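Here is the file structure-v2.txt (compact mmCIF, C-alpha atoms).
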```txt
# COMPACT_ATOMS: atom_id res chain seq x y z
CA MET F 1017 10.86 -3.02 1.58
CA THR F 1018 11.18 0.15 -0.51
CA GLU F 1019 14.20 2.24 -1.47
CA ARG F 1020 13.50 5.72 -2.85
CA ARG F 1021 16.12 7.79 -4.63
CA ASP F 1022 16.49 11.58 -4.44
CA THR F 1023 14.25 13.70 -6.69
CA ASP F 1024 13.68 17.45 -6.99
CA ALA F 1025 10.62 17.16 -4.73
CA ARG F 1026 11.54 14.44 -2.25
CA ARG F 1027 14.62 13.25 -0.45
CA GLN F 1028 15.90 9.70 -0.47
CA TYR F 1029 14.36 7.33 2.07
CA ASP F 1030 14.16 3.68 3.14
CA GLU F 1031 10.82 2.17 4.09
CA ASP F 1032 9.77 -1.07 5.79
CA SER F 1033 6.17 -2.17 6.13
CA TRP F 1034 4.21 -5.18 7.35
CA SER F 1035 0.54 -6.11 7.54
CA LEU F 1036 -1.57 -8.86 9.07
CA THR F 1037 -5.07 -9.79 7.86
CA ALA F 1038 -7.56 -12.23 9.42
CA GLY F 1039 -10.98 -12.93 7.98
CA ALA F 1040 -13.78 -15.38 7.36
CA ASP F 1041 -16.03 -15.94 4.38
CA TYR F 1042 -19.14 -17.96 3.59
CA ARG F 1043 -19.98 -19.75 0.34
CA PHE F 1044 -23.67 -19.25 -0.47
CA THR F 1045 -23.52 -21.36 -3.63
CA PRO F 1046 -20.65 -23.17 -5.40
CA ASP F 1047 -20.18 -20.02 -7.50
CA LEU F 1048 -20.80 -17.20 -4.98
CA TYR F 1049 -19.14 -16.25 -1.67
CA ALA F 1050 -18.69 -13.20 0.60
CA GLY F 1051 -16.72 -12.39 3.73
CA LEU F 1052 -15.29 -9.88 6.19
CA ALA F 1053 -11.62 -9.25 7.03
CA VAL F 1054 -9.79 -7.21 9.69
CA SER F 1055 -6.29 -5.88 8.96
CA ILE F 1056 -3.57 -4.16 10.94
CA ALA F 1057 -0.48 -2.66 9.32
CA GLU F 1058 2.53 -0.50 10.16
CA THR F 1059 4.95 1.42 7.95
CA GLU F 1060 8.26 2.94 9.12
CA THR F 1061 10.07 5.46 6.90
CA ASP F 1062 13.60 6.77 7.54
CA TYR F 1063 15.03 9.91 5.93
CA ALA F 1064 18.45 11.39 6.61
CA ASP F 1065 17.05 13.79 9.25
CA ALA F 1066 13.44 12.67 9.75
CA THR F 1067 11.30 9.60 10.45
CA SER F 1068 7.62 8.72 10.17
CA ASP F 1069 5.57 5.84 11.53
CA SER F 1070 2.02 5.08 10.41
CA GLU F 1071 -0.39 2.51 11.84
CA THR F 1072 -3.60 1.41 10.12
CA THR F 1073 -6.57 -0.68 11.24
CA ALA F 1074 -9.02 -1.64 8.50
CA LEU F 1075 -12.31 -3.47 7.92
CA THR F 1076 -12.95 -4.96 4.48
CA LEU F 1077 -16.02 -6.55 2.90
CA TYR F 1078 -15.19 -8.81 -0.01
CA GLY F 1079 -16.84 -11.30 -2.29
CA GLY F 1080 -16.51 -13.27 -5.50
CA TRP F 1081 -18.62 -14.72 -8.28
CA GLN F 1082 -17.56 -17.47 -10.69
CA PHE F 1083 -19.92 -16.55 -13.51
CA SER F 1084 -18.69 -19.23 -15.95
CA ASP F 1085 -16.21 -22.10 -16.11
CA ALA F 1086 -13.48 -19.61 -17.05
CA GLY F 1087 -14.73 -16.20 -15.87
CA PHE F 1088 -14.68 -14.66 -12.39
CA LEU F 1089 -15.46 -11.36 -10.69
CA ASP F 1090 -14.08 -10.20 -7.31
CA LEU F 1091 -15.30 -7.16 -5.34
CA GLN F 1092 -13.92 -5.36 -2.29
CA LEU F 1093 -15.03 -2.41 -0.14
CA GLY F 1094 -13.05 -1.21 2.87
CA TRP F 1095 -12.66 1.52 5.51
CA ALA F 1096 -9.55 2.22 7.58
CA ASP F 1097 -8.46 4.35 10.54
CA ASP F 1098 -4.94 5.81 10.32
CA ASP F 1099 -2.50 7.12 12.97
CA TYR F 1100 0.69 9.01 12.11
CA ASP F 1101 3.77 9.91 14.16
CA MET F 1102 6.50 12.09 12.64
CA SER F 1103 9.80 13.48 13.88
CA ARG F 1104 12.36 15.74 12.22
CA GLN F 1105 15.56 17.60 12.98
CA VAL F 1106 16.36 21.20 12.06
CA ALA F 1107 20.09 22.02 12.03
CA TYR F 1108 21.99 24.91 10.48
CA VAL F 1109 24.81 27.40 11.07
CA ASP F 1110 24.38 31.17 10.64
CA ALA F 1111 25.97 34.37 11.94
CA GLY F 1112 24.62 33.66 15.41
CA GLY F 1113 26.24 30.23 15.57
CA SER F 1114 24.96 26.71 15.20
CA PHE F 1115 21.34 25.66 15.75
CA SER F 1116 19.90 22.18 16.25
CA SER F 1117 16.45 21.15 17.49
CA ASP F 1118 14.14 18.13 17.20
CA TYR F 1119 10.39 18.25 16.62
CA ARG F 1120 7.59 15.70 16.83
CA GLY F 1121 4.09 15.67 15.38
CA ALA F 1122 1.16 13.28 15.65
CA THR F 1123 -2.16 13.16 13.83
CA GLY F 1124 -4.79 10.82 12.44
CA GLY F 1125 -7.05 10.30 9.48
CA ASP F 1126 -9.08 7.74 7.63
CA HIS F 1127 -9.58 6.39 4.13
CA MET F 1128 -11.89 4.16 2.14
CA THR F 1129 -11.09 1.75 -0.67
CA ALA F 1130 -13.02 0.01 -3.41
CA ALA F 1131 -11.79 -2.55 -5.91
CA VAL F 1132 -13.02 -4.81 -8.67
CA ASN F 1133 -11.10 -7.62 -10.36
CA LEU F 1134 -12.23 -9.38 -13.54
CA GLY F 1135 -10.58 -12.36 -15.21
CA TYR F 1136 -11.12 -15.07 -17.78
CA MET F 1137 -8.82 -18.04 -17.26
CA LEU F 1138 -8.63 -20.95 -19.70
CA ASN F 1139 -7.56 -24.42 -18.53
CA THR F 1140 -5.75 -26.93 -20.72
CA ALA F 1141 -3.44 -29.86 -19.89
CA GLY F 1142 -2.54 -28.55 -16.44
CA TRP F 1143 -2.02 -24.99 -17.65
CA ARG F 1144 -4.21 -22.06 -16.66
CA LEU F 1145 -3.78 -18.80 -18.54
CA GLY F 1146 -5.72 -15.74 -19.55
CA PRO F 1147 -6.20 -11.96 -19.26
CA THR F 1148 -7.13 -10.02 -16.14
CA ALA F 1149 -8.29 -6.46 -15.48
CA SER F 1150 -8.68 -4.66 -12.17
CA TYR F 1151 -9.56 -1.21 -10.88
CA PHE F 1152 -8.66 0.16 -7.43
CA TYR F 1153 -9.92 3.41 -5.87
CA LEU F 1154 -8.67 5.14 -2.70
CA ASP F 1155 -10.08 8.25 -1.04
CA GLY F 1156 -8.99 9.65 2.33
CA GLU F 1157 -7.84 12.56 4.45
CA ILE F 1158 -5.22 13.45 7.07
CA ASP F 1159 -6.14 15.77 9.95
CA ALA F 1160 -4.31 19.01 10.74
CA TYR F 1161 -1.74 18.95 13.55
CA GLN F 1162 0.86 21.07 15.36
CA GLU F 1163 4.42 19.98 16.10
CA GLU F 1164 6.00 20.05 19.54
CA ALA F 1165 9.66 20.66 20.29
CA LEU F 1166 11.29 17.79 22.15
CA GLU F 1167 12.74 18.46 25.61
CA GLY F 1168 15.76 20.73 25.38
CA SER F 1169 14.90 21.92 21.86
CA SER F 1170 13.88 25.39 20.71
CA LYS F 1171 10.24 26.11 19.82
CA ALA F 1172 11.35 28.43 17.02
CA TRP F 1173 10.66 26.00 14.16
CA GLU F 1174 7.50 24.30 15.44
CA MET F 1175 5.12 24.02 12.50
CA ALA F 1176 1.31 24.03 12.30
CA VAL F 1177 0.39 21.74 9.41
CA GLY F 1178 -3.01 21.89 7.73
CA GLY F 1179 -5.17 18.92 6.84
CA SER F 1180 -5.03 17.33 3.40
CA ARG F 1181 -7.11 15.07 1.21
CA PHE F 1182 -5.76 12.35 -1.08
CA GLU F 1183 -7.34 10.36 -3.88
CA LYS F 1184 -5.93 7.67 -6.13
CA SER F 1185 -7.14 5.29 -8.82
CA ILE F 1186 -5.19 2.41 -10.36
CA LEU F 1187 -6.07 0.46 -13.50
CA ARG F 1188 -4.23 -2.82 -14.15
CA LEU F 1189 -4.31 -4.81 -17.36
CA GLY F 1190 -2.50 -8.10 -17.17
CA LEU F 1191 -1.79 -11.63 -18.24
CA GLN F 1192 -1.57 -14.57 -15.86
CA ALA F 1193 -0.19 -18.07 -16.42
CA ASP F 1194 0.37 -20.98 -14.03
CA TYR F 1195 0.77 -24.75 -14.11
CA ALA F 1196 -0.61 -27.42 -11.75
CA TRP F 1197 2.06 -29.98 -10.84
CA LEU F 1198 0.95 -33.15 -9.03
CA THR F 1199 3.48 -34.50 -6.49
CA ASP F 1200 3.45 -37.22 -3.81
CA PHE F 1201 2.80 -34.64 -1.05
CA GLY F 1202 0.31 -32.34 -2.79
CA VAL F 1203 -0.31 -30.10 -5.76
CA LEU F 1204 2.21 -27.31 -6.49
CA VAL F 1205 1.23 -24.40 -8.75
CA PRO F 1206 4.09 -22.17 -9.96
CA GLY F 1207 2.99 -19.13 -11.94
CA VAL F 1208 3.70 -15.61 -13.18
CA MET F 1209 1.61 -12.43 -13.49
CA LEU F 1210 2.56 -9.44 -15.64
CA HIS F 1211 0.63 -6.14 -15.47
CA PHE F 1212 0.67 -2.80 -17.21
CA VAL F 1213 -0.40 -0.20 -14.65
CA SER F 1214 -1.91 3.24 -15.19
CA GLU F 1215 -2.15 5.25 -11.97
CA SER F 1216 -3.89 8.59 -11.36
CA ASN F 1217 -3.32 10.75 -8.26
CA ARG F 1218 -5.71 13.54 -7.32
CA GLY F 1219 -6.62 15.35 -4.11
CA ASP F 1220 -4.68 18.23 -2.55
CA SER F 1221 -1.41 18.89 -4.36
CA VAL F 1222 -0.19 21.30 -1.63
CA THR F 1223 -0.51 21.11 2.17
CA SER F 1224 -0.42 24.52 3.89
CA THR F 1225 1.94 25.09 6.85
CA LEU F 1226 2.64 28.00 9.21
CA LEU F 1227 5.16 28.67 11.97
CA ALA F 1228 3.25 27.66 15.11
CA ASN F 1229 4.84 30.43 17.22
CA ASP F 1230 4.61 33.40 14.88
CA LEU F 1231 5.51 36.02 17.48
CA GLU F 1232 6.06 38.77 14.93
CA GLY F 1233 2.71 38.17 13.24
CA PHE F 1234 4.12 37.68 9.77
CA GLY F 1235 1.62 34.94 8.94
CA GLN F 1236 3.89 33.60 6.21
CA GLU F 1237 2.23 30.53 4.75
CA MET F 1238 4.38 27.79 3.26
CA GLY F 1239 3.31 24.86 1.15
CA ILE F 1240 4.40 21.22 1.25
CA ARG F 1241 3.98 20.07 -2.33
CA ARG F 1242 3.00 16.48 -2.92
CA GLU F 1243 5.20 14.73 -5.43
CA VAL F 1244 3.50 13.24 -8.48
CA LEU F 1245 5.15 9.94 -9.43
CA ASP F 1246 5.39 8.35 -12.84
CA GLY F 1247 1.85 7.07 -13.42
CA GLN F 1248 2.52 4.36 -16.01
CA TYR F 1249 4.73 1.37 -15.34
CA TRP F 1250 4.95 -2.44 -15.26
CA ASP F 1251 4.84 -4.82 -12.36
CA ALA F 1252 5.45 -8.56 -12.27
CA SER F 1253 5.00 -11.25 -9.63
CA PHE F 1254 6.43 -14.75 -9.50
CA ASN F 1255 4.28 -17.07 -7.43
CA LEU F 1256 4.24 -20.55 -5.93
CA ALA F 1257 1.06 -22.02 -4.40
CA GLY F 1258 0.42 -25.43 -2.91
CA GLN F 1259 -2.56 -27.57 -1.86
CA PHE F 1260 -1.80 -30.25 0.72
CA SER F 1261 -3.54 -32.83 2.90
CA TYR F 1262 -6.01 -32.03 5.70
CA GLY F 1263 -7.22 -28.79 4.08
CA PHE F 1264 -3.90 -26.95 4.28
CA SER F 1265 -2.70 -24.69 1.48
CA GLY F 1266 0.00 -22.03 1.16
CA PHE F 1267 1.58 -19.55 -1.18
CA ALA F 1268 4.73 -17.49 -1.69
CA SER F 1269 5.15 -14.52 -4.00
CA TYR F 1270 7.97 -12.20 -5.10
CA ARG F 1271 6.89 -8.94 -6.74
CA ILE F 1272 8.88 -6.22 -8.52
CA THR F 1273 8.03 -2.89 -10.14
CA ALA F 1274 9.81 -1.91 -13.36
CA ALA F 1275 10.02 1.07 -15.77
CA ARG F 1276 8.84 3.58 -13.14
CA ASP F 1277 11.02 6.68 -13.16
CA GLY F 1278 12.89 7.29 -9.89
CA TYR F 1279 11.28 4.38 -8.05
CA GLN F 1280 12.32 0.84 -7.11
CA HIS F 1281 10.12 -1.65 -5.30
CA ARG F 1282 10.29 -5.30 -4.32
CA GLY F 1283 8.03 -7.26 -2.03
CA TYR F 1284 7.75 -10.73 -0.53
CA THR F 1285 4.49 -12.37 0.53
CA LEU F 1286 4.01 -15.65 2.41
CA GLY F 1287 0.65 -17.15 3.31
CA LEU F 1288 -0.93 -20.20 4.95
CA ARG F 1289 -4.60 -21.19 4.81
CA TRP F 1290 -6.68 -23.91 6.47
CA ASP F 1291 -10.09 -24.90 5.13
CA GLN F 1292 -12.42 -27.16 7.09
CA ALA F 1293 -16.09 -28.00 6.64
CA PHE F 1294 -18.23 -27.91 9.82
```

Would you write out, as structure tokens, the structure that this file holds?
Amino acid sequence: MTERRDTDARRQYDEDSWSLTAGADYRFTPDLYAGLAVSIAETETDYADATSDSETTALTLYGGWQFSDAGFLDLQLGWADDDYDMSRQVAYVDAGGSFSSDYRGATGGDHMTAAVNLGYMLNTAGWRLGPTASYFYLDGEIDAYQEEALEGSSKAWEMAVGGSRFEKSILRLGLQADYAWLTDFGVLVPGVMLHFVSESNRGDSVTSTLLANDLEGFGQEMGIRREVLDGQYWDASFNLAGQFSYGFSGFASYRITAARDGYQHRGYTLGLRWDQAF
């Protein structure tokens, strides 16, 4: 769940998103494993006079290597197909009277991701703590599209929107600490993770648009400028994991973002896992 305040470049919005991932992995040795996961996700964003809905289906290769008693390395490579649906309302009053029409657009795209995570965790008297570092890279594009006026609306403000490319990289430097607590029904592991994040956004800063029905031939091109957010901030997560009988384990996490200008974020994650040897 995300709440975004007004800025000079973007209006306030509320956003809800969910995702579901299913996968399987194989352990080649006690210290090395790899697997494949399939994910589906949806994000709905509501503005005062517009909405957008995106759906994503992704394939991800992942693996890990425990290179020492304390050190580990995780790798991930993924590709995703994206679908977008947008709607907006144009309303104003001028000398000719009031005007109100609704428009809809739909397009697609794709993106690829790559990530590496490195950590060195020390264990002592039930405690596990140490530094972590991770790097995430995203590269993708959105196809061009043309809006359509909904039934009963004017075609005057239908827009033809050009394609755009986006690119992002995120570096996280953090500290993790947790404690293993033995109970009568299993092992509980409460913990906390604190990260300093440095984020870089590249790609197309402006997406070109034209009136789709330019009857007068003006050819006036307009630009939709992508907002550049504060690229350095902190995030923290408070976690609870558990290992129980019959191969069942679970986790819960609450995550917040802090010290990022004009942006507030909080997220909840719940998970359940079953391990069984065959």

Length of the atom CA of F:Ala1176 to atom CA of F:Arg1027 vector [Å]:
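The value is 21.4 Å.
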
What is the atom CA of F:Asp1030-atom CA of F:Tyr1100 distance in Å, reported with one decimal?
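Atom CA of F:Tyr1100 lies 17.0 Å from atom CA of F:Asp1030.
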
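Relative to atom CA of F:Val1244, atom CA of F:Ile1186 is found at 14.0 Å.
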
Find the residues around stretch 1054-1068 of chain F up to 6 Å (only C-alpha atoms counted), leave out those fewer than 5 positions away in its own chain, and share them as a compact mmCIF listing (two decimals) with C-alpha atoms, keeping the file's coordinate frame.
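Full text of part_21.txt as output:
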```
# COMPACT_ATOMS: atom_id res chain seq x y z
CA TYR F 1029 14.36 7.33 2.07
CA ASP F 1030 14.16 3.68 3.14
CA GLU F 1031 10.82 2.17 4.09
CA ASP F 1032 9.77 -1.07 5.79
CA SER F 1033 6.17 -2.17 6.13
CA TRP F 1034 4.21 -5.18 7.35
CA SER F 1035 0.54 -6.11 7.54
CA LEU F 1036 -1.57 -8.86 9.07
CA THR F 1037 -5.07 -9.79 7.86
CA ALA F 1038 -7.56 -12.23 9.42
CA THR F 1073 -6.57 -0.68 11.24
CA ALA F 1074 -9.02 -1.64 8.50
CA LEU F 1075 -12.31 -3.47 7.92
CA ASP F 1101 3.77 9.91 14.16
CA MET F 1102 6.50 12.09 12.64
CA SER F 1103 9.80 13.48 13.88
CA ARG F 1104 12.36 15.74 12.22
CA GLN F 1105 15.56 17.60 12.98
```

Give me, as a compact mmCIF listing (two decimals) with C-alpha atoms, in the coordinates of the input, all polymer residues having an atom no more than 12 Å from F:Tyr1108, counting all atoms listed in the file and skipping those fewer than 5 positions away in the same chain.
```
# COMPACT_ATOMS: atom_id res chain seq x y z
CA GLY F 1113 26.24 30.23 15.57
CA SER F 1114 24.96 26.71 15.20
CA PHE F 1115 21.34 25.66 15.75
CA SER F 1116 19.90 22.18 16.25
CA SER F 1117 16.45 21.15 17.49
CA TRP F 1173 10.66 26.00 14.16
```

Rebuild stretch 1114-1125 of chain F so that it carries all heavy atoms, then output the result as a JSON list (two decimals), in the coordinates of the input.
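So the final result, stored in part08.json, reads:
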```json
[["chain", "number", "residue", "atom", "x", "y", "z"],
["F", 1114, "SER", "N", 25.63, 27.93, 15.65],
["F", 1114, "SER", "CA", 24.96, 26.71, 15.20],
["F", 1114, "SER", "C", 23.63, 26.53, 15.92],
["F", 1114, "SER", "O", 23.46, 26.95, 17.06],
["F", 1114, "SER", "CB", 25.85, 25.49, 15.43],
["F", 1114, "SER", "OG", 26.12, 25.34, 16.81],
["F", 1115, "PHE", "N", 22.67, 25.90, 15.21],
["F", 1115, "PHE", "CA", 21.34, 25.66, 15.75],
["F", 1115, "PHE", "C", 20.95, 24.22, 15.45],
["F", 1115, "PHE", "O", 21.16, 23.73, 14.34],
["F", 1115, "PHE", "CB", 20.32, 26.61, 15.11],
["F", 1115, "PHE", "CG", 18.90, 26.38, 15.56],
["F", 1115, "PHE", "CD1", 18.38, 27.06, 16.65],
["F", 1115, "PHE", "CD2", 18.08, 25.46, 14.89],
["F", 1115, "PHE", "CE1", 17.08, 26.84, 17.07],
["F", 1115, "PHE", "CE2", 16.78, 25.24, 15.30],
["F", 1115, "PHE", "CZ", 16.27, 25.94, 16.40],
["F", 1116, "SER", "N", 20.37, 23.55, 16.45],
["F", 1116, "SER", "CA", 19.90, 22.18, 16.25],
["F", 1116, "SER", "C", 18.76, 21.91, 17.20],
["F", 1116, "SER", "O", 18.90, 22.11, 18.42],
["F", 1116, "SER", "CB", 21.03, 21.16, 16.47],
["F", 1116, "SER", "OG", 20.55, 19.84, 16.30],
["F", 1117, "SER", "N", 17.61, 21.48, 16.66],
["F", 1117, "SER", "CA", 16.45, 21.15, 17.49],
["F", 1117, "SER", "C", 15.67, 20.02, 16.83],
["F", 1117, "SER", "O", 15.70, 19.85, 15.61],
["F", 1117, "SER", "CB", 15.54, 22.36, 17.68],
["F", 1117, "SER", "OG", 16.13, 23.31, 18.56],
["F", 1118, "ASP", "N", 14.95, 19.26, 17.67],
["F", 1118, "ASP", "CA", 14.14, 18.13, 17.20],
["F", 1118, "ASP", "C", 12.67, 18.39, 17.49],
["F", 1118, "ASP", "O", 12.31, 18.92, 18.56],
["F", 1118, "ASP", "CB", 14.58, 16.84, 17.90],
["F", 1118, "ASP", "CG", 16.01, 16.47, 17.56],
["F", 1118, "ASP", "OD1", 16.29, 16.27, 16.36],
["F", 1118, "ASP", "OD2", 16.85, 16.39, 18.48],
["F", 1119, "TYR", "N", 11.82, 17.98, 16.53],
["F", 1119, "TYR", "CA", 10.39, 18.25, 16.62],
["F", 1119, "TYR", "C", 9.61, 16.97, 16.34],
["F", 1119, "TYR", "O", 10.03, 16.12, 15.55],
["F", 1119, "TYR", "CB", 9.98, 19.35, 15.64],
["F", 1119, "TYR", "CG", 10.73, 20.63, 15.86],
["F", 1119, "TYR", "CD1", 11.91, 20.88, 15.17],
["F", 1119, "TYR", "CD2", 10.30, 21.57, 16.78],
["F", 1119, "TYR", "CE1", 12.63, 22.06, 15.39],
["F", 1119, "TYR", "CE2", 10.99, 22.74, 17.01],
["F", 1119, "TYR", "CZ", 12.17, 22.98, 16.32],
["F", 1119, "TYR", "OH", 12.88, 24.13, 16.54],
["F", 1120, "ARG", "N", 8.45, 16.87, 16.99],
["F", 1120, "ARG", "CA", 7.59, 15.70, 16.83],
["F", 1120, "ARG", "C", 6.16, 16.15, 16.55],
["F", 1120, "ARG", "O", 5.68, 17.12, 17.12],
["F", 1120, "ARG", "CB", 7.62, 14.83, 18.08],
["F", 1120, "ARG", "CG", 6.74, 13.59, 18.01],
["F", 1120, "ARG", "CD", 6.76, 12.81, 19.31],
["F", 1120, "ARG", "NE", 5.90, 11.63, 19.24],
["F", 1120, "ARG", "CZ", 4.60, 11.63, 19.47],
["F", 1120, "ARG", "NH1", 3.99, 12.76, 19.82],
["F", 1120, "ARG", "NH2", 3.88, 10.51, 19.39],
["F", 1121, "GLY", "N", 5.48, 15.41, 15.67],
["F", 1121, "GLY", "CA", 4.09, 15.67, 15.38],
["F", 1121, "GLY", "C", 3.30, 14.38, 15.34],
["F", 1121, "GLY", "O", 3.84, 13.32, 15.02],
["F", 1122, "ALA", "N", 2.03, 14.45, 15.68],
["F", 1122, "ALA", "CA", 1.16, 13.28, 15.65],
["F", 1122, "ALA", "C", -0.22, 13.71, 15.18],
["F", 1122, "ALA", "O", -0.73, 14.77, 15.55],
["F", 1122, "ALA", "CB", 1.08, 12.62, 17.03],
["F", 1123, "THR", "N", -0.84, 12.87, 14.34],
["F", 1123, "THR", "CA", -2.16, 13.16, 13.83],
["F", 1123, "THR", "C", -2.84, 11.87, 13.41],
["F", 1123, "THR", "O", -2.29, 10.77, 13.56],
["F", 1123, "THR", "CB", -2.10, 14.16, 12.65],
["F", 1123, "THR", "OG1", -3.42, 14.56, 12.29],
["F", 1123, "THR", "CG2", -1.42, 13.53, 11.44],
["F", 1124, "GLY", "N", -4.03, 11.99, 12.89],
["F", 1124, "GLY", "CA", -4.79, 10.82, 12.44],
["F", 1124, "GLY", "C", -5.51, 11.12, 11.13],
["F", 1124, "GLY", "O", -5.36, 12.18, 10.53],
["F", 1125, "GLY", "N", -6.29, 10.17, 10.71],
["F", 1125, "GLY", "CA", -7.05, 10.30, 9.48],
["F", 1125, "GLY", "C", -7.80, 9.02, 9.20],
["F", 1125, "GLY", "O", -7.85, 8.11, 10.02]]
```
